[in-house]
Each structure stands twice: as C-alpha cells, then as structure tokens.
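**Q** This is the structure I have questions about; it appears just below.
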Amino acid sequence: MSSTDRSEDEDHPVYTMGSAAELIGVTPAFLRAVGEAGLITPLRSGGGHRRYSRDQLRLASRARDLVDQGTPVEAACRIVSLEDSLDEALRINAELQGSAPQDA
C-alpha cells in the first residue's frame, strides 16, 4: 500500500494524541479515557506514542457528544460500541436478505 493509499485509509493511524484531541475538540485525557473504556485501541508507535485513525476519532467524537449531554464516559463508550454492533448486524442482515432467493 502506498503512502497516499494509507493516508486515505480510514483505519490507518496517522494522528498523534495531541493532533487527534485538537481535531475533535477534546483533551488527551479524554482520549485516554475512551481507550481505557475499550472503545478504541490506538496503535503505539515504536517510541510508545499513541496514533489514532480517522475511524477511531469518529468513535471518540460520538462518545464525546454523549458525554457532553451528561452521559458518563464508560456508558457513552458502551452505547457507541453497541450502536456500531447493531449497525453491522443490520448491514449483514440486509446483505443476506438481498442475496437470499425470493419466495414467490
């Protein structure tokens, strides 16, 4: 994969903790908290620094929205995780329904 392809990959960890926090309007402590709650697992660089992908930042941003509404961080992370699981199950179900033979 070329460096251009990686920079467009939603799952490629390109953001440092500081730039990730600034990009989504949170503190580094918030990113650590959502990581500890298991919502995201940043890649560690060779030097041990956390690196985040765009997809991880979307998840953290969704959790931040819930926290801003008064939801505790751990609960917000669980909600986002469950929503993603449901979305994936619905997507798979739709694919299976579309590929299943139709009864006449």
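Order determines the names: the first chain of the structure tokens is A, the second B, and so forth; residues in each chain are numbered 1 upward, and ligands are numbered 1 upward as they are shown.
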Chain A: which residues are alpha helix (DSSP H) by DSSP, as number ranges by chain?
**A** A: 3-8, 17-24, 28-36, 54-68, 73-99
**Q** Could you give me, as a ChimeraX atom specification, the residues within 8 Å of region 24-26 of chain A, counting only C-alpha atoms and dropping anything in the same chain fewer than 2 positions from it?
**A** /A:20-22,28,30-31,57,61,64
**Q** As a list in words, list the residues of region 22-100 of chain A assigned to strand (DSSP E or B) by DSSP on the backbone atoms of this structure.
**A**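 Those residues are Leu43, Arg44, Arg50, Arg51 and Tyr52 of chain A.
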**Q** Write out, as a CSV table (one decimal), in the first residue's frame, the residues just selected, with C-alpha atoms.
**A**
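The resulting file, again16.csv, is shown below:
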chain,number,residue,atom,x,y,z
A,43,LEU,CA,-1.7,1.9,17.7
A,44,ARG,CA,1.6,2.5,19.5
A,50,ARG,CA,-0.4,6.7,20.6
A,51,ARG,CA,-1.6,7.0,17.0
A,52,TYR,CA,-5.3,7.3,16.0
**Q** Grab the CA of Thr27 (chain A) to CA of Asp65 (chain A) distance for me, in Å with one decimal place.
**A**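 Computing it gives 13.7 Å between the two atoms.
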**Q** Quote the spacing between CA of Glu88 (chain A) and CA of Asp11 (chain A) in Å to one decimal place.
**A**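 Computing it gives 16.3 Å between the two atoms.
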**Q** For the atom pair CA of Ile92 (chain A) and CA of Ala75 (chain A), what is the interatomic distance in Å to one decimal place?
**A** 25.7 Å
**Q** Name all residues at most 9 Å from region 77-80 of chain A (count only C-alpha atoms; drop same-chain ones fewer than 4 positions away) and give them as a ChimeraX atom specification.
**A** /A:34,37-40,59-60,62-64,66,72-73,84-85
**Q** Since we have the selection now, will you write its residues out, keeping all heavy atoms, as an mmCIF file, in the first residue's frame?
**A**
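Result written to result.cif:
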data_model
loop_
_atom_site.group_PDB
_atom_site.id
_atom_site.type_symbol
_atom_site.label_atom_id
_atom_site.label_comp_id
_atom_site.auth_asym_id
_atom_site.auth_seq_id
_atom_site.Cartn_x
_atom_site.Cartn_y
_atom_site.Cartn_z
ATOM 1 N N VAL A 34 -11.404 7.054 26.811
ATOM 2 C CA VAL A 34 -12.174 6.205 25.899
ATOM 3 C C VAL A 34 -11.352 4.968 25.508
ATOM 4 O O VAL A 34 -11.915 3.922 25.225
ATOM 5 C CB VAL A 34 -12.707 6.962 24.655
ATOM 6 C CG1 VAL A 34 -13.705 8.033 25.064
ATOM 7 C CG2 VAL A 34 -11.610 7.532 23.808
ATOM 8 N N ALA A 37 -11.750 2.650 28.460
ATOM 9 C CA ALA A 37 -13.098 2.082 28.460
ATOM 10 C C ALA A 37 -13.275 1.042 27.354
ATOM 11 O O ALA A 37 -14.298 0.375 27.285
ATOM 12 C CB ALA A 37 -14.136 3.199 28.311
ATOM 13 N N GLY A 38 -12.278 0.910 26.481
ATOM 14 C CA GLY A 38 -12.308 -0.121 25.455
ATOM 15 C C GLY A 38 -12.978 0.276 24.151
ATOM 16 O O GLY A 38 -13.166 -0.572 23.281
ATOM 17 N N LEU A 39 -13.330 1.542 23.996
ATOM 18 C CA LEU A 39 -13.970 1.956 22.746
ATOM 19 C C LEU A 39 -12.976 1.954 21.588
ATOM 20 O O LEU A 39 -13.299 1.523 20.486
ATOM 21 C CB LEU A 39 -14.610 3.336 22.893
ATOM 22 C CG LEU A 39 -15.322 3.863 21.655
ATOM 23 C CD1 LEU A 39 -16.488 2.954 21.269
ATOM 24 C CD2 LEU A 39 -15.817 5.289 21.880
ATOM 25 N N ILE A 40 -11.786 2.451 21.838
ATOM 26 C CA ILE A 40 -10.749 2.493 20.807
ATOM 27 C C ILE A 40 -9.444 1.968 21.394
ATOM 28 O O ILE A 40 -9.224 2.049 22.602
ATOM 29 C CB ILE A 40 -10.536 3.923 20.244
ATOM 30 C CG1 ILE A 40 -10.157 4.906 21.346
ATOM 31 C CG2 ILE A 40 -11.774 4.394 19.500
ATOM 32 C CD1 ILE A 40 -9.852 6.307 20.869
ATOM 33 N N LEU A 59 -15.420 7.530 16.355
ATOM 34 C CA LEU A 59 -15.988 6.876 17.532
ATOM 35 C C LEU A 59 -15.821 7.740 18.781
ATOM 36 O O LEU A 59 -16.765 7.911 19.563
ATOM 37 C CB LEU A 59 -15.329 5.507 17.748
ATOM 38 C CG LEU A 59 -15.606 4.439 16.706
ATOM 39 C CD1 LEU A 59 -14.733 3.219 16.965
ATOM 40 C CD2 LEU A 59 -17.068 4.065 16.683
ATOM 41 N N ALA A 60 -14.631 8.273 18.974
ATOM 42 C CA ALA A 60 -14.374 9.122 20.142
ATOM 43 C C ALA A 60 -15.245 10.369 20.113
ATOM 44 O O ALA A 60 -15.744 10.816 21.149
ATOM 45 C CB ALA A 60 -12.893 9.506 20.201
ATOM 46 N N ARG A 62 -18.226 10.626 18.746
ATOM 47 C CA ARG A 62 -19.589 10.219 19.104
ATOM 48 C C ARG A 62 -19.716 10.059 20.614
ATOM 49 O O ARG A 62 -20.713 10.466 21.218
ATOM 50 C CB ARG A 62 -19.959 8.932 18.385
ATOM 51 C CG ARG A 62 -20.196 9.165 16.893
ATOM 52 C CD ARG A 62 -20.373 7.898 16.100
ATOM 53 N NE ARG A 62 -21.311 6.949 16.680
ATOM 54 C CZ ARG A 62 -21.300 5.653 16.388
ATOM 55 N NH1 ARG A 62 -20.423 5.161 15.540
ATOM 56 N NH2 ARG A 62 -22.181 4.846 16.935
ATOM 57 N N ALA A 63 -18.699 9.487 21.244
ATOM 58 C CA ALA A 63 -18.703 9.342 22.700
ATOM 59 C C ALA A 63 -18.680 10.720 23.366
ATOM 60 O O ALA A 63 -19.394 10.958 24.344
ATOM 61 C CB ALA A 63 -17.517 8.505 23.157
ATOM 62 N N ARG A 64 -17.887 11.629 22.817
ATOM 63 C CA ARG A 64 -17.826 12.983 23.372
ATOM 64 C C ARG A 64 -19.195 13.658 23.329
ATOM 65 O O ARG A 64 -19.596 14.320 24.276
ATOM 66 C CB ARG A 64 -16.824 13.836 22.595
ATOM 67 C CG ARG A 64 -16.672 15.242 23.197
ATOM 68 C CD ARG A 64 -16.319 16.325 22.204
ATOM 69 N NE ARG A 64 -17.286 16.349 21.137
ATOM 70 C CZ ARG A 64 -16.980 16.514 19.854
ATOM 71 N NH1 ARG A 64 -15.753 16.676 19.467
ATOM 72 N NH2 ARG A 64 -17.925 16.527 18.946
ATOM 73 N N LEU A 66 -22.092 12.266 23.568
ATOM 74 C CA LEU A 66 -22.899 11.709 24.665
ATOM 75 C C LEU A 66 -22.432 12.234 26.019
ATOM 76 O O LEU A 66 -23.248 12.559 26.882
ATOM 77 C CB LEU A 66 -22.839 10.182 24.637
ATOM 78 C CG LEU A 66 -23.558 9.523 23.465
ATOM 79 C CD1 LEU A 66 -23.201 8.038 23.385
ATOM 80 C CD2 LEU A 66 -25.061 9.705 23.583
ATOM 81 N N PRO A 72 -21.978 9.371 31.491
ATOM 82 C CA PRO A 72 -20.616 9.041 31.943
ATOM 83 C C PRO A 72 -19.799 8.436 30.796
ATOM 84 O O PRO A 72 -20.345 7.776 29.911
ATOM 85 C CB PRO A 72 -20.842 8.001 33.049
ATOM 86 C CG PRO A 72 -22.249 8.229 33.506
ATOM 87 C CD PRO A 72 -22.998 8.699 32.292
ATOM 88 N N VAL A 73 -18.493 8.636 30.823
ATOM 89 C CA VAL A 73 -17.619 8.189 29.737
ATOM 90 C C VAL A 73 -17.776 6.694 29.460
ATOM 91 O O VAL A 73 -17.918 6.287 28.304
ATOM 92 C CB VAL A 73 -16.136 8.518 30.040
ATOM 93 C CG1 VAL A 73 -15.211 7.870 29.023
ATOM 94 C CG2 VAL A 73 -15.910 10.003 30.065
ATOM 95 N N ASP A 84 -22.662 0.570 17.039
ATOM 96 C CA ASP A 84 -21.865 0.060 15.922
ATOM 97 C C ASP A 84 -22.141 -1.418 15.672
ATOM 98 O O ASP A 84 -22.227 -1.853 14.526
ATOM 99 C CB ASP A 84 -20.382 0.292 16.170
ATOM 100 C CG ASP A 84 -19.929 1.668 15.727
ATOM 101 O OD1 ASP A 84 -20.788 2.483 15.328
ATOM 102 O OD2 ASP A 84 -18.717 1.911 15.771
ATOM 103 N N SER A 85 -22.288 -2.189 16.739
ATOM 104 C CA SER A 85 -22.601 -3.610 16.590
ATOM 105 C C SER A 85 -23.956 -3.797 15.919
ATOM 106 O O SER A 85 -24.122 -4.658 15.042
ATOM 107 C CB SER A 85 -22.604 -4.306 17.950
ATOM 108 O OG SER A 85 -21.312 -4.320 18.503
#
**Q** Here is a test: counting only C-alpha atoms, which residue of A:Arg91, A:Ser81, A:Thr41, A:Val67 is nearest to Ser53 (chain A)?
**A**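 Using only C-alpha atoms, Ser53 (chain A) sits closest to A:Thr41.
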